[in-house]
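What follows is the content of data-v3.pdb, which has PDB, C-alpha atoms and all ligand atoms:
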```
ATOM      1  CA  MET A   1       8.653 -25.005  -6.825
ATOM      2  CA  ALA A   2       6.446 -28.098  -7.188
ATOM      3  CA  ASN A   3       2.987 -27.450  -8.614
ATOM      4  CA  GLY A   4       1.202 -28.866  -5.546
ATOM      5  CA  VAL A   5       3.106 -26.520  -3.238
ATOM      6  CA  ARG A   6       2.343 -23.574  -5.512
ATOM      7  CA  SER A   7      -1.334 -24.416  -5.617
ATOM      8  CA  ILE A   8      -1.564 -24.402  -1.796
ATOM      9  CA  GLN A   9       0.400 -21.169  -1.553
ATOM     10  CA  PHE A  10      -1.737 -19.346  -4.114
ATOM     11  CA  SER A  11      -5.022 -20.699  -2.743
ATOM     12  CA  GLU A  12      -4.099 -19.817   0.834
ATOM     13  CA  ARG A  13      -3.012 -16.361  -0.158
ATOM     14  CA  GLU A  14      -6.221 -15.785  -2.086
ATOM     15  CA  GLU A  15      -8.242 -17.022   0.894
ATOM     16  CA  VAL A  16      -6.500 -14.524   3.158
ATOM     17  CA  ARG A  17      -7.076 -11.670   0.693
ATOM     18  CA  GLU A  18     -10.712 -12.583   0.355
ATOM     19  CA  GLU A  19     -11.244 -12.919   4.096
ATOM     20  CA  GLN A  20      -9.632  -9.550   4.659
ATOM     21  CA  PHE A  21     -11.224  -7.577   1.846
ATOM     22  CA  SER A  22     -14.425  -9.271   0.666
ATOM     23  CA  GLU A  23     -16.640  -6.750   2.446
ATOM     24  CA  VAL A  24     -14.907  -3.835   0.686
ATOM     25  CA  TRP A  25     -14.915  -5.676  -2.644
ATOM     26  CA  THR A  26     -18.588  -6.589  -2.566
ATOM     27  CA  GLN A  27     -20.133  -3.687  -0.683
ATOM     28  CA  GLU A  28     -17.966  -0.593  -0.720
ATOM     29  CA  LEU A  29     -16.009  -0.393  -3.971
ATOM     30  CA  ASP A  30     -19.060   0.312  -6.098
ATOM     31  CA  HIS A  31     -19.793   3.418  -4.005
ATOM     32  CA  VAL A  32     -16.158   4.458  -4.233
ATOM     33  CA  PHE A  33     -16.076   4.247  -8.035
ATOM     34  CA  ALA A  34     -19.490   5.940  -8.318
ATOM     35  CA  ASP A  35     -17.953   8.780  -6.329
ATOM     36  CA  VAL A  36     -14.612   9.004  -8.181
ATOM     37  CA  ALA A  37     -15.911   8.372 -11.738
ATOM     38  CA  LYS A  38     -16.230  12.065 -12.600
ATOM     39  CA  TYR A  39     -12.654  12.913 -11.624
ATOM     40  CA  TYR A  40     -10.983   9.472 -11.942
ATOM     41  CA  ASP A  41      -8.811  10.326 -14.950
ATOM     42  CA  ARG A  42      -7.732  13.758 -13.663
ATOM     43  CA  ALA A  43      -6.906  12.285 -10.238
ATOM     44  CA  ASN A  44      -4.731   9.643 -11.874
ATOM     45  CA  HIS A  45      -2.790  12.284 -13.798
ATOM     46  CA  VAL A  46      -2.075  14.039 -10.499
ATOM     47  CA  ALA A  47      -1.317  10.859  -8.523
ATOM     48  CA  SER A  48       1.072   9.576 -11.195
ATOM     49  CA  LEU A  49       2.881  12.939 -11.342
ATOM     50  CA  GLY A  50       1.865  13.326 -14.984
ATOM     51  CA  MET A  51       3.002   9.815 -15.965
ATOM     52  CA  TRP A  52      -0.514   8.378 -16.500
ATOM     53  CA  ASN A  53      -0.478   8.512 -20.313
ATOM     54  CA  TRP A  54       3.196   7.539 -20.482
ATOM     55  CA  LEU A  55       2.479   4.400 -18.405
ATOM     56  CA  ARG A  56      -0.545   3.565 -20.557
ATOM     57  CA  ASP A  57       1.565   3.940 -23.703
ATOM     58  CA  ARG A  58       4.306   1.726 -22.243
ATOM     59  CA  PHE A  59       1.630  -0.890 -21.532
ATOM     60  CA  LEU A  60       0.195  -0.578 -25.039
ATOM     61  CA  ALA A  61       3.677  -0.974 -26.515
ATOM     62  CA  THR A  62       3.767  -4.528 -25.071
ATOM     63  CA  MET A  63       0.697  -5.517 -27.142
ATOM     64  CA  GLU A  64       0.601  -7.196 -30.529
ATOM     65  CA  LEU A  65      -2.615  -6.201 -32.276
ATOM     66  CA  LYS A  66      -4.014  -7.323 -35.594
ATOM     67  CA  SER A  67      -6.714  -5.853 -37.764
ATOM     68  CA  GLY A  68     -10.282  -6.843 -36.817
ATOM     69  CA  GLN A  69      -9.392  -8.596 -33.555
ATOM     70  CA  LYS A  70     -11.963  -8.998 -30.790
ATOM     71  CA  VAL A  71     -10.685  -7.415 -27.582
ATOM     72  CA  LEU A  72     -12.130  -7.705 -24.086
ATOM     73  CA  ASP A  73     -11.171  -4.948 -21.635
ATOM     74  CA  VAL A  74     -11.855  -6.373 -18.169
ATOM     75  CA  CYS A  75     -12.654  -3.818 -15.413
ATOM     76  CA  ALA A  76     -12.635  -1.203 -18.142
ATOM     77  CA  GLY A  77     -13.561   1.714 -15.863
ATOM     78  CA  THR A  78     -13.596   4.903 -17.941
ATOM     79  CA  ASN A  79     -12.324   3.050 -21.026
ATOM     80  CA  ALA A  80      -8.736   4.345 -20.825
ATOM     81  CA  ILE A  81      -7.436   1.181 -22.473
ATOM     82  CA  GLY A  82     -10.262   0.667 -24.981
ATOM     83  CA  ILE A  83      -9.885   4.223 -26.285
ATOM     84  CA  ALA A  84      -6.097   3.986 -26.569
ATOM     85  CA  LEU A  85      -6.406   0.625 -28.360
ATOM     86  CA  LEU A  86      -8.838   2.027 -30.916
ATOM     87  CA  GLN A  87      -6.611   5.039 -31.466
ATOM     88  CA  LYS A  88      -3.772   2.619 -32.226
ATOM     89  CA  GLN A  89      -5.791   0.147 -34.328
ATOM     90  CA  ALA A  90      -9.115   1.638 -35.457
ATOM     91  CA  ASP A  91     -10.794  -1.572 -36.676
ATOM     92  CA  LEU A  92     -10.600  -3.530 -33.419
ATOM     93  CA  ASP A  93     -13.881  -4.789 -31.993
ATOM     94  CA  VAL A  94     -13.613  -3.673 -28.357
ATOM     95  CA  GLN A  95     -15.881  -4.969 -25.599
ATOM     96  CA  ALA A  96     -15.660  -3.384 -22.143
ATOM     97  CA  ILE A  97     -16.916  -4.968 -18.946
ATOM     98  CA  ASP A  98     -17.109  -3.283 -15.545
ATOM     99  CA  ARG A  99     -19.449  -3.434 -12.562
ATOM    100  CA  SER A 100     -19.621   0.341 -12.141
ATOM    101  CA  VAL A 101     -22.375   2.025 -14.120
ATOM    102  CA  ALA A 102     -20.875   5.438 -13.279
ATOM    103  CA  MET A 103     -17.366   4.550 -14.539
ATOM    104  CA  GLN A 104     -18.759   3.073 -17.770
ATOM    105  CA  GLN A 105     -21.026   6.092 -18.258
ATOM    106  CA  VAL A 106     -17.946   8.356 -18.178
ATOM    107  CA  GLY A 107     -16.148   5.829 -20.419
ATOM    108  CA  ARG A 108     -18.965   5.877 -22.986
ATOM    109  CA  GLU A 109     -18.912   9.678 -23.063
ATOM    110  CA  ARG A 110     -15.114   9.763 -23.430
ATOM    111  CA  ALA A 111     -15.208   7.277 -26.324
ATOM    112  CA  GLY A 112     -18.130   9.128 -27.968
ATOM    113  CA  GLN A 113     -16.303  12.477 -27.771
ATOM    114  CA  ARG A 114     -13.489  10.880 -29.786
ATOM    115  CA  GLY A 115     -15.866   9.312 -32.326
ATOM    116  CA  LEU A 116     -15.103   5.802 -31.054
ATOM    117  CA  HIS A 117     -17.417   2.957 -30.181
ATOM    118  CA  ILE A 118     -16.828   0.484 -27.370
ATOM    119  CA  ASP A 119     -19.471  -2.087 -26.470
ATOM    120  CA  SER A 120     -20.261  -2.010 -22.791
ATOM    121  CA  THR A 121     -21.420  -4.739 -20.433
ATOM    122  CA  ILE A 122     -22.168  -3.968 -16.801
ATOM    123  CA  GLY A 123     -21.354  -6.957 -14.651
ATOM    124  CA  ASP A 124     -19.100  -8.678 -12.172
ATOM    125  CA  VAL A 125     -15.961  -9.998 -13.852
ATOM    126  CA  HIS A 126     -15.716 -13.092 -11.658
ATOM    127  CA  ARG A 127     -18.131 -14.637 -14.130
ATOM    128  CA  LEU A 128     -17.617 -13.305 -17.641
ATOM    129  CA  PRO A 129     -20.849 -13.422 -19.678
ATOM    130  CA  PHE A 130     -19.103 -14.434 -22.906
ATOM    131  CA  PRO A 131     -18.650 -17.761 -24.698
ATOM    132  CA  ASP A 132     -15.534 -19.933 -24.483
ATOM    133  CA  ASN A 133     -12.738 -19.240 -27.000
ATOM    134  CA  TYR A 134     -14.252 -15.931 -28.129
ATOM    135  CA  PHE A 135     -11.702 -13.092 -27.811
ATOM    136  CA  ASP A 136      -8.303 -12.675 -29.455
ATOM    137  CA  VAL A 137      -7.030 -10.332 -26.779
ATOM    138  CA  ALA A 138      -7.949  -9.531 -23.172
ATOM    139  CA  THR A 139      -6.662  -6.594 -21.153
ATOM    140  CA  LEU A 140      -6.886  -5.849 -17.442
ATOM    141  CA  GLN A 141      -5.426  -2.653 -16.037
ATOM    142  CA  TYR A 142      -5.288  -1.373 -12.438
ATOM    143  CA  ALA A 143      -8.023  -3.568 -10.979
ATOM    144  CA  SER A 144      -6.623  -6.950  -9.949
ATOM    145  CA  ARG A 145      -6.014  -5.858  -6.369
ATOM    146  CA  HIS A 146      -9.800  -5.666  -5.993
ATOM    147  CA  LEU A 147     -10.486  -9.142  -7.374
ATOM    148  CA  ARG A 148     -10.269 -12.846  -6.602
ATOM    149  CA  ILE A 149      -7.666 -13.053  -9.305
ATOM    150  CA  MET A 150      -7.420 -16.822  -9.631
ATOM    151  CA  ASP A 151     -11.110 -16.866 -10.582
ATOM    152  CA  VAL A 152     -10.913 -13.860 -12.897
ATOM    153  CA  PHE A 153      -7.721 -14.997 -14.653
ATOM    154  CA  SER A 154      -9.302 -18.435 -15.199
ATOM    155  CA  GLU A 155     -12.372 -16.777 -16.687
ATOM    156  CA  ILE A 156     -10.165 -14.671 -18.962
ATOM    157  CA  LYS A 157      -8.396 -17.839 -20.093
ATOM    158  CA  ARG A 158     -11.760 -19.490 -20.789
ATOM    159  CA  VAL A 159     -13.027 -16.660 -23.039
ATOM    160  CA  LEU A 160      -9.730 -16.252 -24.917
ATOM    161  CA  LYS A 161      -9.271 -18.163 -28.149
ATOM    162  CA  PRO A 162      -6.421 -20.691 -28.185
ATOM    163  CA  GLY A 163      -3.323 -18.621 -28.892
ATOM    164  CA  GLY A 164      -5.125 -15.502 -27.582
ATOM    165  CA  HIS A 165      -3.139 -12.914 -25.606
ATOM    166  CA  PHE A 166      -3.774 -11.627 -22.101
ATOM    167  CA  TYR A 167      -2.171  -8.293 -21.195
ATOM    168  CA  HIS A 168      -2.153  -7.260 -17.558
ATOM    169  CA  CYS A 169      -0.981  -4.048 -15.908
ATOM    170  CA  ASP A 170      -1.205  -3.160 -12.256
ATOM    171  CA  MET A 171       0.454  -1.571  -9.302
ATOM    172  CA  LEU A 172       2.270  -4.444  -7.634
ATOM    173  CA  ARG A 173       4.082  -5.026  -4.369
ATOM    174  CA  PRO A 174       7.739  -4.106  -4.971
ATOM    175  CA  SER A 175      10.075  -6.903  -3.879
ATOM    176  CA  ASN A 176      12.580  -4.352  -2.514
ATOM    177  CA  LYS A 177      11.502  -3.475   1.067
ATOM    178  CA  ILE A 178      12.802   0.104   0.943
ATOM    179  CA  VAL A 179      10.996   0.834  -2.343
ATOM    180  CA  GLU A 180       7.888  -0.807  -0.835
ATOM    181  CA  ARG A 181       7.874   1.496   2.223
ATOM    182  CA  LEU A 182       8.457   4.624   0.160
ATOM    183  CA  TYR A 183       5.716   3.542  -2.209
ATOM    184  CA  TYR A 184       3.089   3.119   0.526
ATOM    185  CA  GLY A 185       4.060   6.447   2.095
ATOM    186  CA  TYR A 186       3.690   8.147  -1.277
ATOM    187  CA  LEU A 187       0.319   6.465  -1.878
ATOM    188  CA  ARG A 188      -1.032   7.616   1.497
ATOM    189  CA  LEU A 189       0.041  11.157   0.692
ATOM    190  CA  CYS A 190      -1.457  10.943  -2.797
ATOM    191  CA  LEU A 191      -4.806   9.684  -1.577
ATOM    192  CA  THR A 192      -4.957  12.546   0.929
ATOM    193  CA  VAL A 193      -4.011  15.174  -1.656
ATOM    194  CA  THR A 194      -6.326  13.906  -4.406
ATOM    195  CA  GLY A 195      -9.148  13.433  -1.869
ATOM    196  CA  TRP A 196      -8.779  17.083  -0.894
ATOM    197  CA  LEU A 197      -8.216  18.420  -4.444
ATOM    198  CA  PHE A 198     -11.172  16.604  -5.984
ATOM    199  CA  ARG A 199     -13.387  16.798  -2.888
ATOM    200  CA  SER A 200     -13.817  13.029  -2.576
ATOM    201  CA  GLY A 201     -17.022  11.857  -0.973
ATOM    202  CA  PRO A 202     -17.191   9.787   2.247
ATOM    203  CA  SER A 203     -16.950   6.364   0.517
ATOM    204  CA  ALA A 204     -13.692   7.203  -1.253
ATOM    205  CA  LEU A 205     -12.210   8.812   1.863
ATOM    206  CA  ALA A 206     -13.192   5.802   3.993
ATOM    207  CA  CYS A 207     -11.355   3.443   1.611
ATOM    208  CA  LYS A 208      -7.976   5.197   1.793
ATOM    209  CA  LYS A 209      -6.570   2.644   4.225
ATOM    210  CA  TYR A 210      -7.922  -0.242   2.140
ATOM    211  CA  PHE A 211      -6.061   0.888  -1.002
ATOM    212  CA  VAL A 212      -2.679   0.607   0.704
ATOM    213  CA  SER A 213      -3.545  -2.627   2.587
ATOM    214  CA  ALA A 214      -4.796  -4.270  -0.618
ATOM    215  CA  LEU A 215      -1.509  -3.472  -2.304
ATOM    216  CA  SER A 216       0.598  -4.650   0.637
ATOM    217  CA  MET A 217      -1.130  -8.050   0.436
ATOM    218  CA  PHE A 218      -0.898  -8.263  -3.333
ATOM    219  CA  TYR A 219       1.687  -9.963  -5.532
ATOM    220  CA  SER A 220       5.122  -8.934  -6.752
ATOM    221  CA  ALA A 221       5.811  -9.091 -10.497
ATOM    222  CA  ASN A 222       7.525 -12.494 -10.162
ATOM    223  CA  GLU A 223       4.745 -13.948  -8.045
ATOM    224  CA  LEU A 224       2.158 -12.798 -10.572
ATOM    225  CA  SER A 225       4.130 -14.467 -13.377
ATOM    226  CA  ASN A 226       4.185 -17.694 -11.336
ATOM    227  CA  LEU A 227       0.444 -17.456 -10.742
ATOM    228  CA  LEU A 228      -0.281 -17.010 -14.463
ATOM    229  CA  THR A 229       1.942 -19.994 -15.263
ATOM    230  CA  TYR A 230       0.286 -22.049 -12.545
ATOM    231  CA  LEU A 231      -3.135 -21.247 -14.071
ATOM    232  CA  GLY A 232      -1.973 -22.714 -17.382
ATOM    233  CA  PHE A 233      -1.006 -19.625 -19.369
ATOM    234  CA  LYS A 234       2.027 -20.030 -21.639
ATOM    235  CA  GLN A 235       4.835 -17.673 -22.672
ATOM    236  CA  VAL A 236       4.380 -15.597 -19.535
ATOM    237  CA  SER A 237       6.614 -12.545 -19.457
ATOM    238  CA  SER A 238       6.719  -9.321 -17.492
ATOM    239  CA  LYS A 239       8.293  -5.914 -17.609
ATOM    240  CA  SER A 240       8.564  -3.879 -14.423
ATOM    241  CA  VAL A 241       8.771  -0.115 -14.308
ATOM    242  CA  LEU A 242       9.384   2.388 -11.502
ATOM    243  CA  GLY A 243      11.315  -0.096  -9.368
ATOM    244  CA  GLY A 244       8.652  -2.809  -9.560
ATOM    245  CA  MET A 245       5.814  -0.518  -8.428
ATOM    246  CA  ILE A 246       4.063  -1.242 -11.718
ATOM    247  CA  ALA A 247       4.476  -4.197 -14.062
ATOM    248  CA  PHE A 248       3.120  -5.230 -17.444
ATOM    249  CA  HIS A 249       2.471  -8.942 -17.888
ATOM    250  CA  LYS A 250       1.838 -10.801 -21.088
ATOM    251  CA  ALA A 251       0.498 -14.369 -21.194
ATOM    252  CA  VAL A 252      -0.797 -16.596 -23.965
ATOM    253  CA  LYS A 253      -3.570 -19.189 -23.888
ATOM    254  CA  ASP A 254      -2.230 -22.541 -25.009
ATOM    255  CA  ASP A 255      -2.826 -23.291 -28.684
ATOM    256  CA  ASN A 256      -3.574 -26.937 -27.943
ATOM    257  CA  VAL A 257      -6.694 -26.569 -25.814
TER     258      VAL A 257
HETATM  259  C1  LIG B 301      -8.964   1.483 -10.614
HETATM  260  S1  LIG B 301     -10.263   1.227 -11.745
HETATM  261  C2  LIG B 301      -9.408   0.790 -13.247
HETATM  262  C3  LIG B 301     -10.183   1.164 -14.486
HETATM  263  C4  LIG B 301      -9.452   0.998 -15.811
HETATM  264  N1  LIG B 301      -9.087  -0.369 -16.082
HETATM  265  C5  LIG B 301      -8.231   1.887 -15.892
HETATM  266  O1  LIG B 301      -7.149   1.389 -16.160
HETATM  267  O2  LIG B 301      -8.361   3.103 -15.708
HETATM  268  C6  LIG B 301     -10.902  -0.338 -11.217
HETATM  269  C7  LIG B 301     -12.188  -0.705 -11.923
HETATM  270  O3  LIG B 301     -12.477  -2.068 -11.593
HETATM  271  C8  LIG B 301     -13.883  -2.186 -11.454
HETATM  272  N2  LIG B 301     -14.185  -3.388 -10.645
HETATM  273  C9  LIG B 301     -13.728  -3.681  -9.411
HETATM  274  N3  LIG B 301     -14.207  -4.876  -9.023
HETATM  275  C10 LIG B 301     -14.978  -5.348 -10.036
HETATM  276  C11 LIG B 301     -15.729  -6.538 -10.240
HETATM  277  N4  LIG B 301     -15.782  -7.505  -9.307
HETATM  278  N5  LIG B 301     -16.386  -6.705 -11.403
HETATM  279  C12 LIG B 301     -16.340  -5.730 -12.366
HETATM  280  N6  LIG B 301     -15.645  -4.575 -12.228
HETATM  281  C13 LIG B 301     -14.963  -4.387 -11.071
HETATM  282  C14 LIG B 301     -14.312  -0.881 -10.798
HETATM  283  O4  LIG B 301     -15.690  -0.641 -10.983
HETATM  284  C15 LIG B 301     -13.403   0.117 -11.492
HETATM  285  O5  LIG B 301     -14.019   0.663 -12.621
END
```

Structure translated into structure tokens:
Amino acid sequence: MANGVRSIQFSEREEVREEQFSEVWTQELDHVFADVAKYYDRANHVASLGMWNWLRDRFLATMELKSGQKVLDVCAGTNAIGIALLQKQADLDVQAIDRSVAMQQVGRERAGQRGLHIDSTIGDVHRLPFPDNYFDVATLQYASRHLRIMDVFSEIKRVLKPGGHFYHCDMLRPSNKIVERLYYGYLRLCLTVTGWLFRSGPSALACKKYFVSALSMFYSANELSNLLTYLGFKQVSSKSVLGGMIAFHKAVKDDNV
């Protein structure tokens, strides 16, 4: 596909996503995550049928880490990734950023209980408050569906050092239509069950429909690889699991910039 054609396709798609979801992204999601913060991790264990830690470990297995590296965990939530990274490589310098005070509060407590330290910045990730060429590694797990990803991925590229690695994990739109339908049905059921089990508040319950719509308008693993390549990342690779419902992407910032 020619680059010009790609650029129009990605930009148009991002415009449609933004038009459809910007109200939820800017006004409702903060209330949702304030509500779910206290049971976020337990709900994910239930929703993933006990595969939450296994998926995280599969994601971590895709990462090359070196002693003393500076890591940025984008949309860090309750620090699931930061904690696992420090448990794998204790001398990393991990910086978390997330807009939700409640999620980061839980994340700080979880890290503290394990004797780990993760620096925390509260802020919107569409503009990362860090210098150019600063981090060796950036991670982003389970949040891209809520973001203007062309902007956020470009910001991640800006703050990565040349040769720095970006690791991405998210629920994606399966390219197989049958898997896609089953997936959305399962998600609807899950959101109902976890909402009932954990007594979700009104904001989380009101966003149930959004979570499935956001996924249905999101990218497949291949499309996400193309987007990363289009944005100038090199050595883009991906590994899909569970029939393409989740994929791990790896991308490198060009050494020559
Ligand atoms: C589903 S949680 C994922 C948390 C964590 N990465 C994980 O894997 O468990 C999504 C997180 O993205 C954050 N988020 C969503 N939009 C954001 C934005 N524009 N800026 C910063 N954080 C955002 C939410 O506050 C929430 O903590």

Each residue of chain A with at least one atom at most 9 Å from ligand LIG 301 (chain B) should appear once, together with its nearest atom pair and the corresponding distance in Å (one decimal); atoms considered: all atoms listed in the file; ordering: chain, then increasing residue number; output as CSV.
```
residue,atom,partner,partner_atom,distance
A:Trp25,CA,B:LIG301,N3,6.5
A:Thr26,CA,B:LIG301,N4,7.4
A:Leu29,CA,B:LIG301,C9,6.8
A:Asp30,CA,B:LIG301,O4,6.0
A:Val32,CA,B:LIG301,O4,8.5
A:Phe33,CA,B:LIG301,O4,5.7
A:Ala34,CA,B:LIG301,O4,8.1
A:Ala37,CA,B:LIG301,O5,8.0
A:Tyr40,CA,B:LIG301,O2,7.8
A:Asp41,CA,B:LIG301,O2,7.3
A:Asn44,CA,B:LIG301,O2,8.4
A:Arg56,CA,B:LIG301,O1,8.2
A:Asp73,CA,B:LIG301,N1,7.5
A:Val74,CA,B:LIG301,N1,6.9
A:Cys75,CA,B:LIG301,O3,4.2
A:Ala76,CA,B:LIG301,N1,4.2
A:Gly77,CA,B:LIG301,O5,3.4
A:Thr78,CA,B:LIG301,O2,6.0
A:Asn79,CA,B:LIG301,C4,6.3
A:Ala80,CA,B:LIG301,O2,5.3
A:Ile81,CA,B:LIG301,O1,6.3
A:Ile97,CA,B:LIG301,C12,6.6
A:Asp98,CA,B:LIG301,N6,3.8
A:Arg99,CA,B:LIG301,C12,3.9
A:Ser100,CA,B:LIG301,O4,4.2
A:Val101,CA,B:LIG301,O4,7.9
A:Ala102,CA,B:LIG301,O4,8.3
A:Met103,CA,B:LIG301,O5,5.5
A:Gln104,CA,B:LIG301,O5,7.4
A:Ile122,CA,B:LIG301,C12,7.5
A:Gly123,CA,B:LIG301,C12,5.6
A:Asp124,CA,B:LIG301,N5,3.4
A:Val125,CA,B:LIG301,N5,4.1
A:His126,CA,B:LIG301,N4,6.1
A:Arg127,CA,B:LIG301,N5,8.6
A:Thr139,CA,B:LIG301,N1,8.4
A:Leu140,CA,B:LIG301,N1,6.1
A:Gln141,CA,B:LIG301,N1,4.3
A:Tyr142,CA,B:LIG301,C2,4.7
A:Ala143,CA,B:LIG301,C6,4.3
A:Ser144,CA,B:LIG301,O3,7.8
A:Arg145,CA,B:LIG301,C9,8.6
A:His146,CA,B:LIG301,N3,5.4
A:Leu147,CA,B:LIG301,N4,5.9
A:Arg148,CA,B:LIG301,N4,8.1
A:Val152,CA,B:LIG301,N4,8.8
A:Cys169,CA,B:LIG301,O1,8.2
A:Asp170,CA,B:LIG301,O1,8.4
```

Take the residues just selected and output them with C-alpha atoms as a tab-separated table (two decimals), in the coordinates of the input.
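Listing of again35.tsv after writing:
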```tsv
chain	number	residue	atom	x	y	z
A	25	TRP	CA	-14.92	-5.68	-2.64
A	26	THR	CA	-18.59	-6.59	-2.57
A	29	LEU	CA	-16.01	-0.39	-3.97
A	30	ASP	CA	-19.06	0.31	-6.10
A	32	VAL	CA	-16.16	4.46	-4.23
A	33	PHE	CA	-16.08	4.25	-8.04
A	34	ALA	CA	-19.49	5.94	-8.32
A	37	ALA	CA	-15.91	8.37	-11.74
A	40	TYR	CA	-10.98	9.47	-11.94
A	41	ASP	CA	-8.81	10.33	-14.95
A	44	ASN	CA	-4.73	9.64	-11.87
A	56	ARG	CA	-0.55	3.56	-20.56
A	73	ASP	CA	-11.17	-4.95	-21.64
A	74	VAL	CA	-11.86	-6.37	-18.17
A	75	CYS	CA	-12.65	-3.82	-15.41
A	76	ALA	CA	-12.64	-1.20	-18.14
A	77	GLY	CA	-13.56	1.71	-15.86
A	78	THR	CA	-13.60	4.90	-17.94
A	79	ASN	CA	-12.32	3.05	-21.03
A	80	ALA	CA	-8.74	4.34	-20.82
A	81	ILE	CA	-7.44	1.18	-22.47
A	97	ILE	CA	-16.92	-4.97	-18.95
A	98	ASP	CA	-17.11	-3.28	-15.54
A	99	ARG	CA	-19.45	-3.43	-12.56
A	100	SER	CA	-19.62	0.34	-12.14
A	101	VAL	CA	-22.38	2.02	-14.12
A	102	ALA	CA	-20.88	5.44	-13.28
A	103	MET	CA	-17.37	4.55	-14.54
A	104	GLN	CA	-18.76	3.07	-17.77
A	122	ILE	CA	-22.17	-3.97	-16.80
A	123	GLY	CA	-21.35	-6.96	-14.65
A	124	ASP	CA	-19.10	-8.68	-12.17
A	125	VAL	CA	-15.96	-10.00	-13.85
A	126	HIS	CA	-15.72	-13.09	-11.66
A	127	ARG	CA	-18.13	-14.64	-14.13
A	139	THR	CA	-6.66	-6.59	-21.15
A	140	LEU	CA	-6.89	-5.85	-17.44
A	141	GLN	CA	-5.43	-2.65	-16.04
A	142	TYR	CA	-5.29	-1.37	-12.44
A	143	ALA	CA	-8.02	-3.57	-10.98
A	144	SER	CA	-6.62	-6.95	-9.95
A	145	ARG	CA	-6.01	-5.86	-6.37
A	146	HIS	CA	-9.80	-5.67	-5.99
A	147	LEU	CA	-10.49	-9.14	-7.37
A	148	ARG	CA	-10.27	-12.85	-6.60
A	152	VAL	CA	-10.91	-13.86	-12.90
A	169	CYS	CA	-0.98	-4.05	-15.91
A	170	ASP	CA	-1.20	-3.16	-12.26
```

Evaluate the PyMOL selection byres (((chain A and resi 237-243) around 12) and not hetatm) here and jot the selected residues down as a PyMOL selection string. chain A and resi 48+51+54-56+58-59+61-63+165-180+182-183+220-229+233-236+244-252

Atom CA of A:Gln95 to atom CA of A:Val46, distance in Å rounded to a single decimal: 27.9 Å

For the atom pair atom CA of A:Glu14 and atom CA of A:Leu189, what is the interatomic distance in Å to one decimal place?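 Separation of atom CA of A:Glu14 and atom CA of A:Leu189: 27.8 Å.
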
Have a look at A:Val159, A:Met217, A:Ala47, A:Ile149 and name the one nearest to A:Val137; count all atoms listed in the file.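 Looking only at the distances to A:Val137, the closest residue turns out to be A:Val159.
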
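Between atom CA of A:Met150 and atom CA of A:Leu231 the separation is 7.6 Å.
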
As a PyMOL selection string, please: the residues near A:Val24 (cut-off 12 Å, all atoms listed in the file, same-chain neighbours under 2 positions excluded). chain A and resi 17-22+26-33+145-147+203-204+206-211+213-214

Could you pull out every residue with an atom within 10 Å of (-6.1, -12.9, -29.1), file coordinates, counting only C-alpha atoms, and send them as a PyMOL selection string? chain A and resi 64-66+69-72+133-138+159-167+252-253
